[in-house]
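These notes concern the structure reproduced below.
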Amino acid sequence: MRGKEMAALATIVYLCSIVVAAPMPAVGCIDESPEGVAKWFQNLGHRKEKLTTFKLYLHDQVSGKNPTAVVVARANFTSKTPAPTPFGTIVVIDDPLTVRPELNSPVVARAQGIYLSDGLEEFALNINVNFVFTSGKYKGSTLSLFGRNPVFHTYRELSIVGGTGIFRLARGILTVKTYQFNATSNDATLQYYFAVLHY
């Protein structure tokens with residue numbers, strides 16, 4: 001080996017030893033250790049809040065062999081009333097979010113959590129969901145959503161109440177629009193417009 005090759009090899013070995021020895025952050029170059037979080041807060045005054053917007057498609061699949069939305073509880077009286085109602089139904093979800101409306105388009109996140117039917121006079125869902133980003137530039141980060149979804153409105157506004165990773169201290173609005181609904185299977189595809197303030 002010549003001198004330049006030896007120097008390059010030595011550099012590579014040195015860098016690899018640093019990578020192996022150092023604890024790796026889970027999200028890009030964000031340190032998620034308690035010390036790293038404390039340091040992040042100490043430097044927060046020097047950071048500017050920024051707005052991030054993007055659109056994804058959620059696929060809520062209640063039918064088929066591998067549903068992503070499953071009913072886990074239902075009120076006893078709701079199916080026995082003269083006009084059966086979904087009131088009191090609780091659903092657990094692990095729905096994929098894709099970049100395009102087709103179910104086979106790239107999955108970039110999962111919506112994991114619950115929604116429940118809590119409207120007697122109007123069909124509305126109370127939604128408590130975490131968006132877990134699994135690929136792309138937000139991989140490893142999350143956003144937390146909480147709000148009321150009156151499903152028959154054209155546009156529904158829900159609150160983004162927090163986040164982790166790139167979205168630490170996030171707040172914002174998720175605007176939901178039904179893209180497609182199958183009345184036979186109850187499967188749905190929803191457009192999700194994210195407007196997120198974060199540091």
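Letters A, B, ... mark the chains of the structure tokens in the order given; residue numbers begin at 1 per chain; ligand numbers begin at 1, in order shown.
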
Determine, counting only C-alpha atoms, which protein, DNA and RNA residues have an atom within 12 Å of an atom of Asn182 in chain A; residues of the same chain fewer than 3 positions away are not included. Present the result as a list in words.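 Here the qualifying residues turn out to be His59, Asp60, Gln61, Val62, Ser63, Thr178, Tyr179, Ser185, Asn186, Asp187, Ala188, Thr189 and Leu190 of chain A.
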
Non-local contacts of Glu102 in chain A (10 Å; only C-alpha atoms; under 2 positions in same chain excluded) as a count of residues only: 10

CA of Val92 in chain A and CA of Thr53 in chain A, how far apart in Å? 26.6 Å

Take CA of Ile93 in chain A and CA of Arg168 in chain A and report the distance between them in Å, one decimal. 23.5 Å

Can you pull out every residue within 9 Å of Val176 in chain A, counting only C-alpha atoms, but drop anything in the same chain fewer than 5 positions away, and send it as an NGL selection string? :A and (149 or 154-158 or 190-194)

For the residues in that selection, give me N, CA, C and O atoms as a short mmCIF file (atom, residue, chain, number, x, y, z; two decimals), in the first residue's frame.
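Output (out_37.cif):
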data_model
loop_
_atom_site.label_atom_id
_atom_site.label_comp_id
_atom_site.auth_asym_id
_atom_site.auth_seq_id
_atom_site.Cartn_x
_atom_site.Cartn_y
_atom_site.Cartn_z
N ASN A 149 -63.63 14.62 14.82
CA ASN A 149 -63.75 14.47 13.38
C ASN A 149 -65.22 14.25 13.01
O ASN A 149 -65.71 13.12 13.07
N THR A 154 -67.12 18.26 4.72
CA THR A 154 -66.14 18.17 3.63
C THR A 154 -64.73 18.26 4.17
O THR A 154 -63.88 17.42 3.85
N TYR A 155 -64.46 19.28 4.97
CA TYR A 155 -63.15 19.44 5.61
C TYR A 155 -63.32 19.37 7.11
O TYR A 155 -64.27 19.93 7.67
N ARG A 156 -62.40 18.66 7.77
CA ARG A 156 -62.40 18.56 9.24
C ARG A 156 -61.03 19.00 9.75
O ARG A 156 -60.00 18.59 9.22
N GLU A 157 -61.06 19.84 10.78
CA GLU A 157 -59.82 20.35 11.39
C GLU A 157 -59.58 19.66 12.71
O GLU A 157 -60.44 19.67 13.58
N LEU A 158 -58.39 19.07 12.86
CA LEU A 158 -58.01 18.42 14.11
C LEU A 158 -56.70 19.02 14.60
O LEU A 158 -55.90 19.52 13.81
N LEU A 190 -58.34 8.73 3.18
CA LEU A 190 -58.50 10.12 3.59
C LEU A 190 -57.29 10.94 3.18
O LEU A 190 -56.15 10.47 3.30
N GLN A 191 -57.53 12.16 2.71
CA GLN A 191 -56.44 13.11 2.46
C GLN A 191 -56.12 13.81 3.77
O GLN A 191 -57.03 14.34 4.43
N TYR A 192 -54.85 13.82 4.13
CA TYR A 192 -54.40 14.50 5.34
C TYR A 192 -53.46 15.63 4.95
O TYR A 192 -52.40 15.38 4.38
N TYR A 193 -53.87 16.86 5.25
CA TYR A 193 -53.03 18.04 5.01
C TYR A 193 -52.44 18.49 6.35
O TYR A 193 -53.18 18.91 7.24
N PHE A 194 -51.14 18.38 6.50
CA PHE A 194 -50.44 18.75 7.73
C PHE A 194 -49.93 20.18 7.64
O PHE A 194 -49.28 20.53 6.64
#

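Excluding range 128-137 of chain A itself and same-chain residues fewer than 3 positions from it, the residues having an atom within 7 Å of it are A:Val108, A:Ala109, A:Arg110, A:Ala111, A:Gln112, A:Gly113, A:Ile114, A:Tyr115, A:Gly140, A:Ser141, A:Thr142, A:Leu143, A:Ser144, A:Leu145, A:Phe146, A:Gly147, counting only C-alpha atoms.
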
Could the residues in this selection be written to a file with C-alpha atoms, as an mmCIF file, in the first residue's frame?
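What follows is the written file again28.cif:
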data_model
loop_
_atom_site.group_PDB
_atom_site.id
_atom_site.type_symbol
_atom_site.label_atom_id
_atom_site.label_comp_id
_atom_site.auth_asym_id
_atom_site.auth_seq_id
_atom_site.Cartn_x
_atom_site.Cartn_y
_atom_site.Cartn_z
ATOM 1 C CA VAL A 108 -44.002 6.897 4.856
ATOM 2 C CA ALA A 109 -45.801 6.667 8.206
ATOM 3 C CA ARG A 110 -48.286 4.704 10.325
ATOM 4 C CA ALA A 111 -51.251 6.182 12.194
ATOM 5 C CA GLN A 112 -51.396 4.283 15.487
ATOM 6 C CA GLY A 113 -53.999 4.861 18.155
ATOM 7 C CA ILE A 114 -57.748 4.845 18.686
ATOM 8 C CA TYR A 115 -60.873 6.520 17.459
ATOM 9 C CA GLY A 140 -38.046 8.222 13.420
ATOM 10 C CA SER A 141 -40.129 11.288 14.311
ATOM 11 C CA THR A 142 -43.734 11.359 15.474
ATOM 12 C CA LEU A 143 -46.683 13.742 15.572
ATOM 13 C CA SER A 144 -49.525 13.468 18.094
ATOM 14 C CA LEU A 145 -53.094 14.211 17.086
ATOM 15 C CA PHE A 146 -56.161 14.788 19.221
ATOM 16 C CA GLY A 147 -59.511 16.082 18.121
#

To one decimal place in Å, what is the distance between CA of Gly162 in chain A and CA of Lys139 in chain A?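 Straight-line distance from CA of Gly162 in chain A to CA of Lys139 in chain A works out to 16.2 Å.
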
I need the helix (DSSP H, G or I) residues of range 17-142 of chain A per DSSP on the backbone, written as a count of residues only. 17

Leaving out Asn76 in chain A and any residue of its chain fewer than 6 positions from it, which residues lie within 12 Å of it when counting only C-alpha atoms, given as a VMD selection string? chain A and resid 84 to 89

Test item, strand (DSSP E) assignment across range 35-118 of chain A, answer as a ChimeraX atom specification: /A:50-60,69-73,90-98,107-117

Measuring between only C-alpha atoms, which one of A:Ile160, A:Val107, A:Ala183, A:Ile90 shows the shortest distance to Asn126 in chain A?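 Smallest separation from Asn126 in chain A among the options: A:Ile90.
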